[in-house]
Amino acid sequence: MEIQPFELPDIDLLDVFQKHWFSGAANRLSRVAPALRGQLDPGFVEIAERGLALSAADLVAAQTRRAEFGAFMDQTMSRFDLLLAPATPLAAFPIASRQPAGDGAAWTEWAGFSFPLNLSQHPACVVPCGLTPDGRPLGLQFIGARGADRQLLSLAGQFEALGAFPHLLDSGADDER
């Protein structure tokens with residue numbers, strides 16, 4: 001086994017993702033009766049409204065950049081069996097929270113290890129890999145080639161089966177924290 005670092009291309013993936021996500025939300029919002037919109041998640045309505053401001057040219061440009069990134073990832077995956085990345089750049093926060101405490105950023109601002117794979121359409125899964133000193137879980141993201149879902153899940157399962165982190169699966173672990 002050999003481990004090698006690699007770098008993502010110089011593409012503003014957050015911008016590409018937001019144009020796809022926001023325009024999709026605008027499309028979905030257009031199908032909701034105006035009288036029912038007050039019942040929707042305000043965050044969803046906000047991004048849908050931002051999506052309404054995008055032009056067709058904006059979306060086509062984002063689709064082109066998405067295809068370029070997907071091709072880059074395909075080329076990268078032709079050299080590697082698997083890519084590994086942190087699940088997130090921060091430790092877990094309470095499940096009822098939508099974002100880290102004191103952080104006003106949208107989830108896309110701190111989920112930068114996951115949404116690029118949605119763009120590139122490569123399979124990924126996250127497995128537990130440890131705890132912070134204060135007991136919050138950390139995850140390791142396994143990334144595979146397009147269509148290699150079975151291989152990816154097998155490798156991730158093998159990692160998990162090593163049993164290096166059995167305390168994460170113990171249902172009583174939260175009782176001590």
# chains A, B, ... in the order shown; residues from 1 in each chain; ligands from 1

$ select_by_dssp --residues "segment 102-138 of chain A" --states "strand (DSSP E)" --output "compact mmCIF listing (two decimals) with N, CA, C and O atoms, in the first residue's frame"
# COMPACT_ATOMS: atom_id res chain seq x y z
N ALA A 124 -18.93 7.78 -2.02
CA ALA A 124 -18.17 8.03 -0.80
C ALA A 124 -18.96 7.53 0.39
O ALA A 124 -20.19 7.46 0.34
N CYS A 125 -18.26 7.17 1.44
CA CYS A 125 -18.93 6.83 2.70
C CYS A 125 -18.00 7.24 3.83
O CYS A 125 -16.79 7.40 3.65
N VAL A 126 -18.59 7.44 4.98
CA VAL A 126 -17.84 7.89 6.15
C VAL A 126 -17.90 6.79 7.21
O VAL A 126 -18.96 6.23 7.47
N VAL A 127 -16.74 6.50 7.79
CA VAL A 127 -16.67 5.54 8.89
C VAL A 127 -16.04 6.23 10.09
O VAL A 127 -15.25 7.16 9.94
N PRO A 128 -16.40 5.79 11.29
CA PRO A 128 -15.81 6.38 12.49
C PRO A 128 -14.31 6.08 12.54
O PRO A 128 -13.87 5.00 12.15
N CYS A 129 -13.55 7.05 13.04
CA CYS A 129 -12.09 6.82 13.12
C CYS A 129 -11.48 7.37 14.40
O CYS A 129 -10.27 7.44 14.50
N GLY A 130 -12.29 7.75 15.35
CA GLY A 130 -11.72 8.21 16.61
C GLY A 130 -12.58 9.25 17.28
O GLY A 130 -13.69 9.55 16.83
N LEU A 131 -12.05 9.75 18.37
CA LEU A 131 -12.75 10.75 19.17
C LEU A 131 -11.81 11.91 19.47
O LEU A 131 -10.60 11.73 19.57
N PRO A 137 -17.15 12.44 18.18
CA PRO A 137 -16.67 11.52 17.13
C PRO A 137 -16.05 12.24 15.93
O PRO A 137 -16.43 13.36 15.60
N LEU A 138 -15.10 11.55 15.33
CA LEU A 138 -14.47 12.00 14.10
C LEU A 138 -14.71 10.95 13.03
O LEU A 138 -14.78 9.76 13.34

$ select_by_dssp --residues "chain A" --states "alpha helix (DSSP H)" --output "MDAnalysis selection string"
chainID A and resid 13:29 42:52 56:77 107:110 115:120 149:161

$ residues_around --residues "segment 28-33 of chain A" --least-positions-apart "4" --cutoff "12 Å" --atoms "only C-alpha atoms" --output "ChimeraX atom specification"
/A:21-24,37-42,44-52

$ closest_residue --among "A:Ala156, A:Ile3, A:Ile11, A:Ala87" --to "Gln141 of chain A" --atoms "only C-alpha atoms"
A:Ala87

$ closest_residue --among "A:Leu54, A:Ala96, A:Leu8, A:Leu119" --to "Ala25 of chain A" --atoms "only C-alpha atoms"
A:Leu54

$ residues_around --residues "Pro9 of chain A" --least-positions-apart "5" --cutoff "12 Å" --atoms "only C-alpha atoms" --output "mmCIF file with all heavy atoms, in the first residue's frame"
data_model
loop_
_atom_site.group_PDB
_atom_site.id
_atom_site.type_symbol
_atom_site.label_atom_id
_atom_site.label_comp_id
_atom_site.auth_asym_id
_atom_site.auth_seq_id
_atom_site.Cartn_x
_atom_site.Cartn_y
_atom_site.Cartn_z
ATOM 1 N N ARG A 65 -18.224 23.538 -15.487
ATOM 2 C CA ARG A 65 -17.183 23.387 -14.459
ATOM 3 C C ARG A 65 -17.369 22.088 -13.685
ATOM 4 O O ARG A 65 -16.397 21.434 -13.296
ATOM 5 C CB ARG A 65 -17.155 24.611 -13.555
ATOM 6 C CG ARG A 65 -16.636 25.802 -14.366
ATOM 7 C CD ARG A 65 -16.361 27.105 -13.654
ATOM 8 N NE ARG A 65 -16.650 27.265 -12.274
ATOM 9 C CZ ARG A 65 -17.558 28.106 -11.768
ATOM 10 N NH1 ARG A 65 -18.284 28.864 -12.570
ATOM 11 N NH2 ARG A 65 -17.737 28.220 -10.480
ATOM 12 N N ARG A 66 -18.631 21.684 -13.471
ATOM 13 C CA ARG A 66 -18.902 20.404 -12.811
ATOM 14 C C ARG A 66 -18.340 19.258 -13.652
ATOM 15 O O ARG A 66 -17.707 18.343 -13.124
ATOM 16 C CB ARG A 66 -20.402 20.214 -12.610
ATOM 17 C CG ARG A 66 -20.751 18.887 -11.989
ATOM 18 C CD ARG A 66 -22.243 18.679 -11.895
ATOM 19 N NE ARG A 66 -22.520 17.497 -11.093
ATOM 20 C CZ ARG A 66 -23.729 17.095 -10.768
ATOM 21 N NH1 ARG A 66 -24.787 17.782 -11.166
ATOM 22 N NH2 ARG A 66 -23.895 16.011 -10.054
ATOM 23 N N GLU A 68 -15.918 19.389 -15.821
ATOM 24 C CA GLU A 68 -14.454 19.456 -15.758
ATOM 25 C C GLU A 68 -13.947 18.824 -14.463
ATOM 26 O O GLU A 68 -12.967 18.074 -14.461
ATOM 27 C CB GLU A 68 -13.979 20.908 -15.843
ATOM 28 C CG GLU A 68 -14.189 21.557 -17.185
ATOM 29 C CD GLU A 68 -13.975 23.065 -17.168
ATOM 30 O OE1 GLU A 68 -13.724 23.651 -16.085
ATOM 31 O OE2 GLU A 68 -14.081 23.681 -18.249
ATOM 32 N N PHE A 69 -14.616 19.126 -13.356
ATOM 33 C CA PHE A 69 -14.206 18.558 -12.076
ATOM 34 C C PHE A 69 -14.431 17.051 -12.061
ATOM 35 O O PHE A 69 -13.595 16.291 -11.573
ATOM 36 C CB PHE A 69 -14.946 19.235 -10.915
ATOM 37 C CG PHE A 69 -14.588 18.656 -9.577
ATOM 38 C CD1 PHE A 69 -13.282 18.700 -9.116
ATOM 39 C CD2 PHE A 69 -15.555 18.059 -8.781
ATOM 40 C CE1 PHE A 69 -12.942 18.155 -7.888
ATOM 41 C CE2 PHE A 69 -15.224 17.517 -7.552
ATOM 42 C CZ PHE A 69 -13.921 17.562 -7.106
ATOM 43 N N GLY A 70 -15.549 16.592 -12.604
ATOM 44 C CA GLY A 70 -15.811 15.157 -12.683
ATOM 45 C C GLY A 70 -14.737 14.441 -13.494
ATOM 46 O O GLY A 70 -14.262 13.367 -13.115
ATOM 47 N N ALA A 71 -14.314 15.047 -14.613
ATOM 48 C CA ALA A 71 -13.252 14.456 -15.437
ATOM 49 C C ALA A 71 -11.934 14.424 -14.669
ATOM 50 O O ALA A 71 -11.185 13.439 -14.743
ATOM 51 C CB ALA A 71 -13.101 15.246 -16.738
ATOM 52 N N PHE A 72 -11.643 15.494 -13.910
ATOM 53 C CA PHE A 72 -10.440 15.512 -13.079
ATOM 54 C C PHE A 72 -10.480 14.373 -12.066
ATOM 55 O O PHE A 72 -9.490 13.652 -11.879
ATOM 56 C CB PHE A 72 -10.294 16.857 -12.349
ATOM 57 C CG PHE A 72 -9.268 16.814 -11.246
ATOM 58 C CD1 PHE A 72 -7.927 17.006 -11.536
ATOM 59 C CD2 PHE A 72 -9.642 16.565 -9.935
ATOM 60 C CE1 PHE A 72 -6.968 16.945 -10.533
ATOM 61 C CE2 PHE A 72 -8.695 16.500 -8.927
ATOM 62 C CZ PHE A 72 -7.357 16.693 -9.223
ATOM 63 N N MET A 73 -11.618 14.193 -11.419
ATOM 64 C CA MET A 73 -11.741 13.127 -10.421
ATOM 65 C C MET A 73 -11.645 11.749 -11.076
ATOM 66 O O MET A 73 -11.043 10.828 -10.505
ATOM 67 C CB MET A 73 -13.042 13.272 -9.635
ATOM 68 C CG MET A 73 -13.030 14.430 -8.648
ATOM 69 S SD MET A 73 -11.743 14.297 -7.367
ATOM 70 C CE MET A 73 -12.343 12.867 -6.461
ATOM 71 N N GLN A 75 -9.893 11.023 -13.725
ATOM 72 C CA GLN A 75 -8.467 10.854 -14.009
ATOM 73 C C GLN A 75 -7.705 10.527 -12.723
ATOM 74 O O GLN A 75 -6.841 9.654 -12.704
ATOM 75 C CB GLN A 75 -7.907 12.108 -14.664
ATOM 76 C CG GLN A 75 -6.446 11.997 -15.031
ATOM 77 C CD GLN A 75 -5.919 13.272 -15.681
ATOM 78 O OE1 GLN A 75 -6.533 14.327 -15.624
ATOM 79 N NE2 GLN A 75 -4.756 13.173 -16.288
ATOM 80 N N THR A 76 -8.030 11.217 -11.646
ATOM 81 C CA THR A 76 -7.387 10.961 -10.360
ATOM 82 C C THR A 76 -7.662 9.534 -9.904
ATOM 83 O O THR A 76 -6.752 8.816 -9.486
ATOM 84 C CB THR A 76 -7.874 11.966 -9.300
ATOM 85 O OG1 THR A 76 -7.505 13.281 -9.718
ATOM 86 C CG2 THR A 76 -7.280 11.675 -7.931
ATOM 87 N N PRO A 116 -18.181 18.347 -2.835
ATOM 88 C CA PRO A 116 -17.505 18.159 -4.119
ATOM 89 C C PRO A 116 -17.757 16.775 -4.725
ATOM 90 O O PRO A 116 -17.822 16.618 -5.941
ATOM 91 C CB PRO A 116 -16.022 18.352 -3.782
ATOM 92 C CG PRO A 116 -16.052 19.293 -2.619
ATOM 93 C CD PRO A 116 -17.242 18.834 -1.810
#

$ residues_around --residues "Trp107 of chain A" --least-positions-apart "4" --cutoff "12 Å" --atoms "only C-alpha atoms" --output "PyMOL selection string"
chain A and resi 14+18+43+47+88-90+97-100+103+111-115

$ residues_around --residues "Leu59 of chain A" --least-positions-apart "6" --cutoff "9 Å" --atoms "only C-alpha atoms" --output "MDAnalysis selection string"
chainID A and resid 16 19:20 23

$ closest_residue --among "A:Asp58, A:Glu160, A:Asp15, A:Asp134" --to "Ala91 of chain A" --atoms "only C-alpha atoms"
A:Asp134

$ atom_distance --atom1 "atom CA of Leu117 of chain A" --atom2 "atom CA of Pro5 of chain A"
17.2 Å

$ atom_distance --atom1 "atom CA of Glu109 of chain A" --atom2 "atom CA of Leu84 of chain A"
20.0 Å

$ atom_distance --atom1 "atom CA of Asp74 of chain A" --atom2 "atom CA of Ala145 of chain A"
6.7 Å

$ closest_residue --among "A:Ala67, A:Ala57, A:Asp149, A:Asp81" --to "Glu2 of chain A" --atoms "only C-alpha atoms"
A:Asp81

$ decode --residues "segment 69-80 of chain A" --atoms "all heavy atoms" --output "mmCIF file, in the first residue's frame"
data_model
loop_
_atom_site.group_PDB
_atom_site.id
_atom_site.type_symbol
_atom_site.label_atom_id
_atom_site.label_comp_id
_atom_site.auth_asym_id
_atom_site.auth_seq_id
_atom_site.Cartn_x
_atom_site.Cartn_y
_atom_site.Cartn_z
ATOM 1 N N PHE A 69 -14.616 19.126 -13.356
ATOM 2 C CA PHE A 69 -14.206 18.558 -12.076
ATOM 3 C C PHE A 69 -14.431 17.051 -12.061
ATOM 4 O O PHE A 69 -13.595 16.291 -11.573
ATOM 5 C CB PHE A 69 -14.946 19.235 -10.915
ATOM 6 C CG PHE A 69 -14.588 18.656 -9.577
ATOM 7 C CD1 PHE A 69 -13.282 18.700 -9.116
ATOM 8 C CD2 PHE A 69 -15.555 18.059 -8.781
ATOM 9 C CE1 PHE A 69 -12.942 18.155 -7.888
ATOM 10 C CE2 PHE A 69 -15.224 17.517 -7.552
ATOM 11 C CZ PHE A 69 -13.921 17.562 -7.106
ATOM 12 N N GLY A 70 -15.549 16.592 -12.604
ATOM 13 C CA GLY A 70 -15.811 15.157 -12.683
ATOM 14 C C GLY A 70 -14.737 14.441 -13.494
ATOM 15 O O GLY A 70 -14.262 13.367 -13.115
ATOM 16 N N ALA A 71 -14.314 15.047 -14.613
ATOM 17 C CA ALA A 71 -13.252 14.456 -15.437
ATOM 18 C C ALA A 71 -11.934 14.424 -14.669
ATOM 19 O O ALA A 71 -11.185 13.439 -14.743
ATOM 20 C CB ALA A 71 -13.101 15.246 -16.738
ATOM 21 N N PHE A 72 -11.643 15.494 -13.910
ATOM 22 C CA PHE A 72 -10.440 15.512 -13.079
ATOM 23 C C PHE A 72 -10.480 14.373 -12.066
ATOM 24 O O PHE A 72 -9.490 13.652 -11.879
ATOM 25 C CB PHE A 72 -10.294 16.857 -12.349
ATOM 26 C CG PHE A 72 -9.268 16.814 -11.246
ATOM 27 C CD1 PHE A 72 -7.927 17.006 -11.536
ATOM 28 C CD2 PHE A 72 -9.642 16.565 -9.935
ATOM 29 C CE1 PHE A 72 -6.968 16.945 -10.533
ATOM 30 C CE2 PHE A 72 -8.695 16.500 -8.927
ATOM 31 C CZ PHE A 72 -7.357 16.693 -9.223
ATOM 32 N N MET A 73 -11.618 14.193 -11.419
ATOM 33 C CA MET A 73 -11.741 13.127 -10.421
ATOM 34 C C MET A 73 -11.645 11.749 -11.076
ATOM 35 O O MET A 73 -11.043 10.828 -10.505
ATOM 36 C CB MET A 73 -13.042 13.272 -9.635
ATOM 37 C CG MET A 73 -13.030 14.430 -8.648
ATOM 38 S SD MET A 73 -11.743 14.297 -7.367
ATOM 39 C CE MET A 73 -12.343 12.867 -6.461
ATOM 40 N N ASP A 74 -12.220 11.589 -12.268
ATOM 41 C CA ASP A 74 -12.094 10.310 -12.981
ATOM 42 C C ASP A 74 -10.620 10.012 -13.263
ATOM 43 O O ASP A 74 -10.153 8.887 -13.070
ATOM 44 C CB ASP A 74 -12.869 10.337 -14.301
ATOM 45 C CG ASP A 74 -14.373 10.290 -14.111
ATOM 46 O OD1 ASP A 74 -14.845 9.870 -13.035
ATOM 47 O OD2 ASP A 74 -15.089 10.683 -15.057
ATOM 48 N N GLN A 75 -9.893 11.023 -13.725
ATOM 49 C CA GLN A 75 -8.467 10.854 -14.009
ATOM 50 C C GLN A 75 -7.705 10.527 -12.723
ATOM 51 O O GLN A 75 -6.841 9.654 -12.704
ATOM 52 C CB GLN A 75 -7.907 12.108 -14.664
ATOM 53 C CG GLN A 75 -6.446 11.997 -15.031
ATOM 54 C CD GLN A 75 -5.919 13.272 -15.681
ATOM 55 O OE1 GLN A 75 -6.533 14.327 -15.624
ATOM 56 N NE2 GLN A 75 -4.756 13.173 -16.288
ATOM 57 N N THR A 76 -8.030 11.217 -11.646
ATOM 58 C CA THR A 76 -7.387 10.961 -10.360
ATOM 59 C C THR A 76 -7.662 9.534 -9.904
ATOM 60 O O THR A 76 -6.752 8.816 -9.486
ATOM 61 C CB THR A 76 -7.874 11.966 -9.300
ATOM 62 O OG1 THR A 76 -7.505 13.281 -9.718
ATOM 63 C CG2 THR A 76 -7.280 11.675 -7.931
ATOM 64 N N MET A 77 -8.918 9.109 -10.014
ATOM 65 C CA MET A 77 -9.281 7.772 -9.542
ATOM 66 C C MET A 77 -8.682 6.672 -10.415
ATOM 67 O O MET A 77 -8.572 5.534 -9.961
ATOM 68 C CB MET A 77 -10.795 7.631 -9.442
ATOM 69 C CG MET A 77 -11.443 8.488 -8.354
ATOM 70 S SD MET A 77 -10.677 8.353 -6.710
ATOM 71 C CE MET A 77 -10.803 6.606 -6.376
ATOM 72 N N SER A 78 -8.267 6.993 -11.628
ATOM 73 C CA SER A 78 -7.610 5.982 -12.466
ATOM 74 C C SER A 78 -6.220 5.647 -11.919
ATOM 75 O O SER A 78 -5.654 4.609 -12.246
ATOM 76 C CB SER A 78 -7.518 6.462 -13.921
ATOM 77 O OG SER A 78 -6.548 7.480 -14.065
ATOM 78 N N ARG A 79 -5.680 6.510 -11.061
ATOM 79 C CA ARG A 79 -4.353 6.297 -10.465
ATOM 80 C C ARG A 79 -4.417 5.710 -9.064
ATOM 81 O O ARG A 79 -3.411 5.248 -8.544
ATOM 82 C CB ARG A 79 -3.592 7.626 -10.416
ATOM 83 C CG ARG A 79 -3.354 8.250 -11.764
ATOM 84 C CD ARG A 79 -2.466 9.503 -11.709
ATOM 85 N NE ARG A 79 -2.366 10.171 -10.435
ATOM 86 C CZ ARG A 79 -2.845 11.402 -10.190
ATOM 87 N NH1 ARG A 79 -3.456 12.093 -11.139
ATOM 88 N NH2 ARG A 79 -2.689 11.947 -9.010
ATOM 89 N N PHE A 80 -5.595 5.772 -8.438
ATOM 90 C CA PHE A 80 -5.723 5.345 -7.046
ATOM 91 C C PHE A 80 -6.886 4.358 -6.892
ATOM 92 O O PHE A 80 -7.879 4.455 -7.604
ATOM 93 C CB PHE A 80 -5.998 6.546 -6.127
ATOM 94 C CG PHE A 80 -4.914 7.584 -6.129
ATOM 95 C CD1 PHE A 80 -5.093 8.793 -6.770
ATOM 96 C CD2 PHE A 80 -3.713 7.357 -5.469
ATOM 97 C CE1 PHE A 80 -4.109 9.768 -6.769
ATOM 98 C CE2 PHE A 80 -2.715 8.322 -5.468
ATOM 99 C CZ PHE A 80 -2.915 9.530 -6.114
#
